[in-house]
>>> print(open('input.cif').read())   # mmCIF, C-alpha atoms
data_my_file
loop_
_atom_site.group_PDB
_atom_site.id
_atom_site.type_symbol
_atom_site.label_atom_id
_atom_site.label_comp_id
_atom_site.auth_asym_id
_atom_site.auth_seq_id
_atom_site.Cartn_x
_atom_site.Cartn_y
_atom_site.Cartn_z
ATOM 1 C CA GLY A 25 98.612 120.117 102.363
ATOM 2 C CA ALA A 26 95.489 118.369 101.124
ATOM 3 C CA VAL A 27 93.832 117.678 104.447
ATOM 4 C CA VAL A 28 90.319 116.317 104.749
ATOM 5 C CA SER A 29 88.517 116.381 108.064
ATOM 6 C CA GLN A 30 85.356 114.735 109.275
ATOM 7 C CA HIS A 31 83.070 115.719 112.081
ATOM 8 C CA PRO A 32 82.145 114.167 114.361
ATOM 9 C CA SER A 33 84.802 111.520 114.708
ATOM 10 C CA TRP A 34 82.329 109.325 116.531
ATOM 11 C CA VAL A 35 78.649 109.471 117.322
ATOM 12 C CA ILE A 36 76.209 107.327 119.243
ATOM 13 C CA CYS A 37 72.523 107.735 118.543
ATOM 14 C CA LYS A 38 69.217 106.073 119.249
ATOM 15 C CA SER A 39 67.463 104.006 116.639
ATOM 16 C CA GLY A 40 65.136 106.127 114.536
ATOM 17 C CA THR A 41 67.081 109.354 114.832
ATOM 18 C CA SER A 42 69.032 111.086 112.092
ATOM 19 C CA VAL A 43 72.740 111.776 112.154
ATOM 20 C CA LYS A 44 74.677 114.268 110.070
ATOM 21 C CA ILE A 45 78.349 113.738 109.246
ATOM 22 C CA GLU A 46 80.442 116.518 107.784
ATOM 23 C CA CYS A 47 83.383 116.191 105.437
ATOM 24 C CA ARG A 48 85.568 119.214 104.847
ATOM 25 C CA SER A 49 88.544 119.875 102.640
ATOM 26 C CA LEU A 50 90.668 122.205 104.718
ATOM 27 C CA ASP A 51 93.181 123.620 102.286
ATOM 28 C CA PHE A 52 91.850 122.937 98.842
ATOM 29 C CA GLN A 53 88.643 123.130 96.902
ATOM 30 C CA ALA A 54 87.082 119.748 96.426
ATOM 31 C CA THR A 55 84.995 119.612 93.312
ATOM 32 C CA THR A 56 84.203 115.989 93.989
ATOM 33 C CA MET A 57 83.664 114.196 97.256
ATOM 34 C CA PHE A 58 83.080 110.541 97.855
ATOM 35 C CA TRP A 59 81.402 108.746 100.708
ATOM 36 C CA TYR A 60 82.405 105.242 101.691
ATOM 37 C CA ARG A 61 81.196 102.812 104.247
ATOM 38 C CA GLN A 62 83.851 100.683 105.863
ATOM 39 C CA PHE A 63 82.917 97.142 106.735
ATOM 40 C CA PRO A 64 84.911 95.088 109.230
ATOM 41 C CA LYS A 65 88.541 94.406 108.429
ATOM 42 C CA GLN A 66 88.787 95.146 104.783
ATOM 43 C CA SER A 67 85.805 96.014 102.713
ATOM 44 C CA LEU A 68 85.345 99.618 101.680
ATOM 45 C CA MET A 69 82.124 100.300 99.834
ATOM 46 C CA LEU A 70 81.604 103.383 97.739
ATOM 47 C CA MET A 71 78.220 104.770 98.626
ATOM 48 C CA ALA A 72 77.996 107.859 96.477
ATOM 49 C CA THR A 73 79.870 110.472 94.524
ATOM 50 C CA SER A 74 78.957 114.100 94.927
ATOM 51 C CA ASN A 75 79.965 117.019 92.789
ATOM 52 C CA GLU A 76 79.662 120.518 94.124
ATOM 53 C CA GLY A 77 76.348 122.074 93.245
ATOM 54 C CA SER A 78 74.748 118.990 91.799
ATOM 55 C CA LYS A 79 72.922 115.918 93.036
ATOM 56 C CA ALA A 80 74.934 113.015 94.314
ATOM 57 C CA THR A 81 75.304 109.886 92.248
ATOM 58 C CA TYR A 82 74.511 106.842 94.354
ATOM 59 C CA GLU A 83 75.918 103.392 93.858
ATOM 60 C CA GLN A 84 73.560 100.530 93.234
ATOM 61 C CA GLY A 85 71.948 99.279 96.392
ATOM 62 C CA VAL A 86 72.463 102.483 98.364
ATOM 63 C CA GLU A 87 69.189 104.118 99.392
ATOM 64 C CA LYS A 88 69.396 107.773 98.484
ATOM 65 C CA ASP A 89 66.447 108.652 100.713
ATOM 66 C CA LYS A 90 68.194 107.094 103.671
ATOM 67 C CA PHE A 91 71.668 108.458 103.044
ATOM 68 C CA LEU A 92 71.205 112.091 102.115
ATOM 69 C CA ILE A 93 74.246 113.758 100.642
ATOM 70 C CA ASN A 94 74.665 117.460 100.190
ATOM 71 C CA HIS A 95 77.690 119.099 98.598
ATOM 72 C CA ALA A 96 76.756 122.730 98.884
ATOM 73 C CA SER A 97 80.206 124.240 98.701
ATOM 74 C CA LEU A 98 83.647 123.409 97.399
ATOM 75 C CA THR A 99 84.885 122.589 100.870
ATOM 76 C CA LEU A 100 81.970 120.843 102.526
ATOM 77 C CA SER A 101 79.886 117.764 101.926
ATOM 78 C CA THR A 102 77.473 116.261 104.402
ATOM 79 C CA LEU A 103 76.071 112.777 104.767
ATOM 80 C CA THR A 104 72.868 112.445 106.753
ATOM 81 C CA VAL A 105 71.843 108.997 107.866
ATOM 82 C CA THR A 106 68.098 109.283 108.294
ATOM 83 C CA SER A 107 66.088 107.077 110.633
ATOM 84 C CA ALA A 108 69.217 105.233 111.641
ATOM 85 C CA HIS A 109 69.030 101.592 112.658
ATOM 86 C CA PRO A 110 71.590 99.384 114.388
ATOM 87 C CA GLU A 111 72.568 97.843 111.045
ATOM 88 C CA ASP A 112 73.729 101.291 109.943
ATOM 89 C CA SER A 113 76.424 101.187 112.596
ATOM 90 C CA SER A 114 79.719 101.435 110.793
ATOM 91 C CA PHE A 115 82.619 103.655 109.951
ATOM 92 C CA TYR A 116 81.843 106.226 107.303
ATOM 93 C CA ILE A 117 84.795 107.643 105.414
ATOM 94 C CA CYS A 118 84.815 110.515 102.991
ATOM 95 C CA SER A 119 87.393 111.453 100.441
ATOM 96 C CA ALA A 120 87.818 114.526 98.330
ATOM 97 C CA SER A 121 89.488 115.375 95.094
ATOM 98 C CA ALA A 122 90.310 118.647 93.443
ATOM 99 C CA GLY A 123 89.651 119.099 89.793
ATOM 100 C CA ARG A 124 88.597 116.424 87.405
ATOM 101 C CA ASN A 125 91.301 113.934 88.256
ATOM 102 C CA THR A 126 89.410 111.863 90.772
ATOM 103 C CA ASP A 127 92.322 109.473 91.074
ATOM 104 C CA THR A 128 93.907 111.968 93.417
ATOM 105 C CA GLN A 129 91.750 111.419 96.439
ATOM 106 C CA TYR A 130 92.457 112.531 99.949
ATOM 107 C CA PHE A 131 90.751 110.510 102.608
ATOM 108 C CA GLY A 132 89.188 111.804 105.784
ATOM 109 C CA PRO A 133 89.804 110.186 109.168
ATOM 110 C CA GLY A 134 86.409 108.516 109.283
ATOM 111 C CA THR A 135 83.356 108.780 111.515
ATOM 112 C CA ARG A 136 82.276 105.928 113.714
ATOM 113 C CA LEU A 137 78.502 105.676 113.936
ATOM 114 C CA THR A 138 76.939 103.474 116.579
ATOM 115 C CA VAL A 139 73.169 103.157 116.545
ATOM 116 C CA LEU A 140 71.649 101.763 119.714
ATOM 117 C CA ASP B 10 100.920 114.421 110.906
ATOM 118 C CA GLN B 11 100.523 111.743 108.269
ATOM 119 C CA GLN B 12 100.432 108.311 109.832
ATOM 120 C CA VAL B 13 100.539 106.469 106.529
ATOM 121 C CA LYS B 14 102.855 107.723 103.826
ATOM 122 C CA GLN B 15 103.296 106.754 100.236
ATOM 123 C CA ASN B 16 106.261 108.834 99.227
ATOM 124 C CA SER B 17 106.175 108.052 95.531
ATOM 125 C CA PRO B 18 103.221 109.726 93.846
ATOM 126 C CA SER B 19 103.863 107.839 90.623
ATOM 127 C CA LEU B 20 105.706 104.854 89.237
ATOM 128 C CA SER B 21 106.270 103.609 85.701
ATOM 129 C CA VAL B 22 107.167 100.008 84.979
ATOM 130 C CA GLN B 23 107.534 98.008 81.816
ATOM 131 C CA GLU B 24 105.128 95.190 81.172
ATOM 132 C CA GLY B 25 106.459 91.910 82.497
ATOM 133 C CA ARG B 26 108.723 93.533 85.058
ATOM 134 C CA ILE B 27 108.165 93.787 88.801
ATOM 135 C CA SER B 28 106.288 96.741 90.286
ATOM 136 C CA ILE B 29 107.160 97.643 93.852
ATOM 137 C CA LEU B 30 104.956 100.101 95.692
ATOM 138 C CA ASN B 31 106.081 101.297 99.080
ATOM 139 C CA CYS B 32 104.283 102.496 102.157
ATOM 140 C CA ASP B 33 105.581 103.733 105.514
ATOM 141 C CA TYR B 34 103.654 104.218 108.718
ATOM 142 C CA THR B 35 104.356 105.893 112.006
ATOM 143 C CA ASN B 36 101.761 104.464 114.373
ATOM 144 C CA SER B 37 103.135 101.370 116.066
ATOM 145 C CA MET B 38 99.604 100.423 117.100
ATOM 146 C CA PHE B 39 98.643 99.570 113.527
ATOM 147 C CA ASP B 40 98.186 95.833 113.238
ATOM 148 C CA TYR B 41 96.406 95.376 109.949
ATOM 149 C CA PHE B 42 97.442 96.694 106.578
ATOM 150 C CA LEU B 43 95.648 96.748 103.278
ATOM 151 C CA TRP B 44 96.236 97.714 99.696
ATOM 152 C CA TYR B 45 93.496 99.106 97.525
ATOM 153 C CA LYS B 46 93.515 99.592 93.798
ATOM 154 C CA LYS B 47 91.592 102.363 92.138
ATOM 155 C CA TYR B 48 90.689 102.831 88.521
ATOM 156 C CA PRO B 49 89.503 106.214 87.211
ATOM 157 C CA ALA B 50 85.895 107.069 88.038
ATOM 158 C CA GLU B 51 85.569 104.066 90.363
ATOM 159 C CA GLY B 52 85.890 103.583 94.101
ATOM 160 C CA PRO B 53 88.892 101.772 95.549
ATOM 161 C CA THR B 54 88.697 97.998 95.477
ATOM 162 C CA PHE B 55 90.373 95.806 98.026
ATOM 163 C CA LEU B 56 93.464 94.058 96.711
ATOM 164 C CA ILE B 57 95.391 92.326 99.462
ATOM 165 C CA SER B 58 95.972 92.623 103.188
ATOM 166 C CA ILE B 59 98.405 91.531 105.848
ATOM 167 C CA SER B 60 98.173 91.158 109.568
ATOM 168 C CA SER B 61 101.012 92.273 111.791
ATOM 169 C CA ILE B 62 101.623 88.683 112.872
ATOM 170 C CA LYS B 63 102.874 87.932 109.381
ATOM 171 C CA ASP B 64 105.657 89.391 107.295
ATOM 172 C CA LYS B 65 104.445 88.219 103.916
ATOM 173 C CA ASN B 66 101.175 87.489 102.204
ATOM 174 C CA GLU B 67 100.886 86.306 98.647
ATOM 175 C CA ASP B 68 97.913 86.182 96.308
ATOM 176 C CA GLY B 69 98.706 85.323 92.722
ATOM 177 C CA ARG B 70 100.825 88.047 91.189
ATOM 178 C CA PHE B 71 100.477 90.225 94.278
ATOM 179 C CA THR B 72 102.642 89.932 97.366
ATOM 180 C CA VAL B 73 102.680 92.239 100.336
ATOM 181 C CA PHE B 74 105.692 92.373 102.616
ATOM 182 C CA LEU B 75 105.627 93.843 106.099
ATOM 183 C CA ASN B 76 108.687 94.997 108.013
ATOM 184 C CA LYS B 77 107.417 95.919 111.448
ATOM 185 C CA SER B 78 110.728 97.116 112.803
ATOM 186 C CA ALA B 79 111.046 99.566 109.941
ATOM 187 C CA LYS B 80 107.314 100.323 109.909
ATOM 188 C CA HIS B 81 107.346 99.679 106.225
ATOM 189 C CA LEU B 82 105.273 97.621 103.859
ATOM 190 C CA SER B 83 105.504 97.067 100.170
ATOM 191 C CA LEU B 84 103.333 95.636 97.440
ATOM 192 C CA HIS B 85 105.020 93.622 94.718
ATOM 193 C CA ILE B 86 103.292 92.909 91.458
ATOM 194 C CA VAL B 87 105.002 90.428 89.191
ATOM 195 C CA PRO B 88 104.755 90.222 86.309
ATOM 196 C CA SER B 89 103.218 93.636 85.806
ATOM 197 C CA GLN B 90 100.477 93.932 83.231
ATOM 198 C CA PRO B 91 98.983 96.990 81.507
ATOM 199 C CA GLY B 92 95.701 96.305 83.319
ATOM 200 C CA ASP B 93 97.514 96.904 86.597
ATOM 201 C CA SER B 94 97.786 100.593 85.725
ATOM 202 C CA ALA B 95 95.832 102.329 88.463
ATOM 203 C CA VAL B 96 96.287 104.258 91.666
ATOM 204 C CA TYR B 97 97.240 102.117 94.636
ATOM 205 C CA PHE B 98 96.363 103.160 98.167
ATOM 206 C CA CYS B 99 97.972 101.773 101.261
ATOM 207 C CA ALA B 100 95.803 101.719 104.389
ATOM 208 C CA ALA B 101 96.318 100.720 107.998
ATOM 209 C CA SER B 102 94.185 100.145 111.043
ATOM 210 C CA SER B 103 94.545 99.264 114.709
ATOM 211 C CA GLY B 104 91.763 97.249 116.235
ATOM 212 C CA ASN B 105 88.329 98.628 115.605
ATOM 213 C CA THR B 106 89.327 101.963 114.105
ATOM 214 C CA PRO B 107 88.801 103.647 110.754
ATOM 215 C CA LEU B 108 91.262 102.893 108.040
ATOM 216 C CA VAL B 109 94.027 105.440 107.663
ATOM 217 C CA PHE B 110 94.975 105.907 104.045
ATOM 218 C CA GLY B 111 98.106 107.018 102.303
ATOM 219 C CA LYS B 112 97.851 109.480 99.444
ATOM 220 C CA GLY B 113 98.260 106.873 96.765
ATOM 221 C CA THR B 114 100.789 105.939 94.114
ATOM 222 C CA ARG B 115 99.861 106.001 90.460
ATOM 223 C CA LEU B 116 101.262 102.964 88.683
ATOM 224 C CA SER B 117 101.655 103.019 84.933
ATOM 225 C CA VAL B 118 102.557 99.753 83.267
ATOM 226 C CA ILE B 119 103.946 100.382 79.827
ATOM 227 C CA ALA B 120 103.432 97.772 77.128
#
>>> encode(input="input.cif", output="structure tokens")
Amino acid sequence: GAVVSQHPSWVICKSGTSVKIECRSLDFQATTMFWYRQFPKQSLMLMATSNEGSKATYEQGVEKDKFLINHASLTLSTLTVTSAHPEDSSFYICSASAGRNTDTQYFGPGTRLTVL
Amino acid sequence: DQQVKQNSPSLSVQEGRISILNCDYTNSMFDYFLWYKKYPAEGPTFLISISSIKDKNEDGRFTVFLNKSAKHLSLHIVPSQPGDSAVYFCAASSGNTPLVFGKGTRLSVIA
């Protein structure tokens, strides 16, 4: 149980376009979802925390107008990278937790974004 | 199929003793392994890593051991301190791929 999926698994886009990444909890209701950006080799940066039905809470330094997060249902959160640039190329990983215990997080498989 | 498994959801250890957190993986292509520590209401923070060319990496109180033949790695914390109480995630990657995470082990260090 407790499976989190992401779609697409990889995407290539032109600079200036917008890309939407979906994160779904397949067999549980995720009251909280997290979006991370994975930097090479080790660093995992929390970008934002989203609770179902409310606005996402962004970490310092993350542009909320550039990285739009929507958590419209208990099983789906989306991250839209608007006006993508090559420096946005990265892996984006989501995780989801059920209930208030956000320590129990289930990670998605990641989405590789390449901006040309 | 889970590629990275942390079979113990929780672990309790007395302060001053050794904490051993275990992680198993199935994908023989994984060549880089990491441990993350997570406090409540915060994102995971990187703790220590090991490349598949090594079998041990030490950083202060934290040591990670890798047994490639058994596809097993472990994180040793000694001596354990109450501030080490957190959830620990094991992660693995192969080349330029997303990290694959285990489900985490909650460590409680009892004073």
>>> closest_residue(input="input.cif", among="A:Ser74, A:Thr106, A:Gln129, A:Thr81", to="chain B", atoms="all atoms listed in the file")
A:Gln129
>>> interface_residues(input="input.cif", of="chain A", to="chain B", cutoff="12 Å", atoms="all atoms listed in the file", output="PDB file with C-alpha atoms, in the coordinates of the input")
ATOM      1  CA  GLY A  25      98.612 120.117 102.363  1.00  0.00           C
ATOM      2  CA  ALA A  26      95.489 118.369 101.124  1.00  0.00           C
ATOM      3  CA  VAL A  27      93.832 117.678 104.447  1.00  0.00           C
ATOM      4  CA  VAL A  28      90.319 116.317 104.749  1.00  0.00           C
ATOM      5  CA  GLN A  30      85.356 114.735 109.275  1.00  0.00           C
ATOM      6  CA  SER A  33      84.802 111.520 114.708  1.00  0.00           C
ATOM      7  CA  TRP A  34      82.329 109.325 116.531  1.00  0.00           C
ATOM      8  CA  THR A  56      84.203 115.989  93.989  1.00  0.00           C
ATOM      9  CA  MET A  57      83.664 114.196  97.256  1.00  0.00           C
ATOM     10  CA  PHE A  58      83.080 110.541  97.855  1.00  0.00           C
ATOM     11  CA  TRP A  59      81.402 108.746 100.708  1.00  0.00           C
ATOM     12  CA  TYR A  60      82.405 105.242 101.691  1.00  0.00           C
ATOM     13  CA  ARG A  61      81.196 102.812 104.247  1.00  0.00           C
ATOM     14  CA  GLN A  62      83.851 100.683 105.863  1.00  0.00           C
ATOM     15  CA  PHE A  63      82.917  97.142 106.735  1.00  0.00           C
ATOM     16  CA  PRO A  64      84.911  95.088 109.230  1.00  0.00           C
ATOM     17  CA  LYS A  65      88.541  94.406 108.429  1.00  0.00           C
ATOM     18  CA  GLN A  66      88.787  95.146 104.783  1.00  0.00           C
ATOM     19  CA  SER A  67      85.805  96.014 102.713  1.00  0.00           C
ATOM     20  CA  LEU A  68      85.345  99.618 101.680  1.00  0.00           C
ATOM     21  CA  MET A  69      82.124 100.300  99.834  1.00  0.00           C
ATOM     22  CA  LEU A  70      81.604 103.383  97.739  1.00  0.00           C
ATOM     23  CA  MET A  71      78.220 104.770  98.626  1.00  0.00           C
ATOM     24  CA  ALA A  72      77.996 107.859  96.477  1.00  0.00           C
ATOM     25  CA  THR A  73      79.870 110.472  94.524  1.00  0.00           C
ATOM     26  CA  THR A  81      75.304 109.886  92.248  1.00  0.00           C
ATOM     27  CA  TYR A  82      74.511 106.842  94.354  1.00  0.00           C
ATOM     28  CA  GLU A  83      75.918 103.392  93.858  1.00  0.00           C
ATOM     29  CA  SER A 114      79.719 101.435 110.793  1.00  0.00           C
ATOM     30  CA  PHE A 115      82.619 103.655 109.951  1.00  0.00           C
ATOM     31  CA  TYR A 116      81.843 106.226 107.303  1.00  0.00           C
ATOM     32  CA  ILE A 117      84.795 107.643 105.414  1.00  0.00           C
ATOM     33  CA  CYS A 118      84.815 110.515 102.991  1.00  0.00           C
ATOM     34  CA  SER A 119      87.393 111.453 100.441  1.00  0.00           C
ATOM     35  CA  ALA A 120      87.818 114.526  98.330  1.00  0.00           C
ATOM     36  CA  SER A 121      89.488 115.375  95.094  1.00  0.00           C
ATOM     37  CA  ARG A 124      88.597 116.424  87.405  1.00  0.00           C
ATOM     38  CA  ASN A 125      91.301 113.934  88.256  1.00  0.00           C
ATOM     39  CA  THR A 126      89.410 111.863  90.772  1.00  0.00           C
ATOM     40  CA  ASP A 127      92.322 109.473  91.074  1.00  0.00           C
ATOM     41  CA  THR A 128      93.907 111.968  93.417  1.00  0.00           C
ATOM     42  CA  GLN A 129      91.750 111.419  96.439  1.00  0.00           C
ATOM     43  CA  TYR A 130      92.457 112.531  99.949  1.00  0.00           C
ATOM     44  CA  PHE A 131      90.751 110.510 102.608  1.00  0.00           C
ATOM     45  CA  GLY A 132      89.188 111.804 105.784  1.00  0.00           C
ATOM     46  CA  PRO A 133      89.804 110.186 109.168  1.00  0.00           C
ATOM     47  CA  GLY A 134      86.409 108.516 109.283  1.00  0.00           C
ATOM     48  CA  THR A 135      83.356 108.780 111.515  1.00  0.00           C
ATOM     49  CA  ARG A 136      82.276 105.928 113.714  1.00  0.00           C
ATOM     50  CA  LEU A 137      78.502 105.676 113.936  1.00  0.00           C
TER      51      LEU A 137
END
>>> closest_residue(input="input.cif", among="A:Lys88, A:Gly77, A:Thr138, A:Ser39", to="Ala54 (chain A)", atoms="only C-alpha atoms")
A:Gly77
>>> residues_around(input="input.cif", residues="Ser37 (chain B)", least_positions_apart="6", cutoff="12 Å", atoms="all atoms listed in the file", output="PDB file with C-alpha atoms, keeping the file's coordinate frame")
ATOM      1  CA  GLN B  12     100.432 108.311 109.832  1.00  0.00           C
ATOM      2  CA  VAL B  13     100.539 106.469 106.529  1.00  0.00           C
ATOM      3  CA  SER B  61     101.012  92.273 111.791  1.00  0.00           C
ATOM      4  CA  ASN B  76     108.687  94.997 108.013  1.00  0.00           C
ATOM      5  CA  LYS B  77     107.417  95.919 111.448  1.00  0.00           C
ATOM      6  CA  SER B  78     110.728  97.116 112.803  1.00  0.00           C
ATOM      7  CA  ALA B  79     111.046  99.566 109.941  1.00  0.00           C
ATOM      8  CA  LYS B  80     107.314 100.323 109.909  1.00  0.00           C
ATOM      9  CA  HIS B  81     107.346  99.679 106.225  1.00  0.00           C
ATOM     10  CA  ALA B 101      96.318 100.720 107.998  1.00  0.00           C
ATOM     11  CA  SER B 102      94.185 100.145 111.043  1.00  0.00           C
ATOM     12  CA  SER B 103      94.545  99.264 114.709  1.00  0.00           C
TER      13      SER B 103
END
>>> closest_residue(input="input.cif", among="B:Asp40, B:Asp93, B:Cys99, B:Thr35", to="Val22 (chain B)", atoms="all atoms listed in the file")
B:Asp93
>>> atom_distance(input="input.cif", atom1="CA of Arg26 (chain B)", atom2="CA of Ile86 (chain B)")
8.4 Å
>>> atom_distance(input="input.cif", atom1="CA of Asn31 (chain B)", atom2="CA of Gln15 (chain B)")
6.2 Å
>>> atom_distance(input="input.cif", atom1="CA of Leu30 (chain B)", atom2="CA of Ser60 (chain B)")
17.8 Å
>>> resolve_selection(input="input.cif", expression="the PyMOL selection byres ((chain A and resi 37) around 6)", output="list in words")
Ile36, Lys38 and Val139 of chain A
>>> resolve_selection(input="input.cif", expression="the PyMOL selection byres ((chain A and resi 42) around 6)", output="PDB file with C-alpha atoms, keeping the file's coordinate frame")
ATOM      1  CA  THR A  41      67.081 109.354 114.832  1.00  0.00           C
ATOM      2  CA  VAL A  43      72.740 111.776 112.154  1.00  0.00           C
ATOM      3  CA  VAL A 105      71.843 108.997 107.866  1.00  0.00           C
ATOM      4  CA  THR A 106      68.098 109.283 108.294  1.00  0.00           C
ATOM      5  CA  SER A 107      66.088 107.077 110.633  1.00  0.00           C
ATOM      6  CA  ALA A 108      69.217 105.233 111.641  1.00  0.00           C
TER       7      ALA A 108
END
>>> closest_residue(input="input.cif", among="A:Asn75, A:Thr104, A:Thr99, A:Ser113", to="Arg48 (chain A)", atoms="only C-alpha atoms")
A:Thr99
>>> resolve_selection(input="input.cif", expression="the PyMOL selection byres ((chain A and resi 97) around 9)", output="VMD selection string")
chain A and resid 53 to 55 76 to 77 94 to 96 98 to 101
>>> write_last_selection(input="input.cif", atoms="C-alpha atoms", output="compact mmCIF listing (two decimals), in the frame of the given file")
# COMPACT_ATOMS: atom_id res chain seq x y z
CA GLN A 53 88.64 123.13 96.90
CA ALA A 54 87.08 119.75 96.43
CA THR A 55 85.00 119.61 93.31
CA GLU A 76 79.66 120.52 94.12
CA GLY A 77 76.35 122.07 93.24
CA ASN A 94 74.67 117.46 100.19
CA HIS A 95 77.69 119.10 98.60
CA ALA A 96 76.76 122.73 98.88
CA LEU A 98 83.65 123.41 97.40
CA THR A 99 84.88 122.59 100.87
CA LEU A 100 81.97 120.84 102.53
CA SER A 101 79.89 117.76 101.93
>>> axis_aligned_box(input="input.cif", around="region 80-96 of chain B", padding_each_side="8 Å", output="JSON")
{"center_x": 101.5, "center_y": 97.2, "center_z": 95.7, "size_x": 27.6, "size_y": 30.0, "size_z": 44.4}
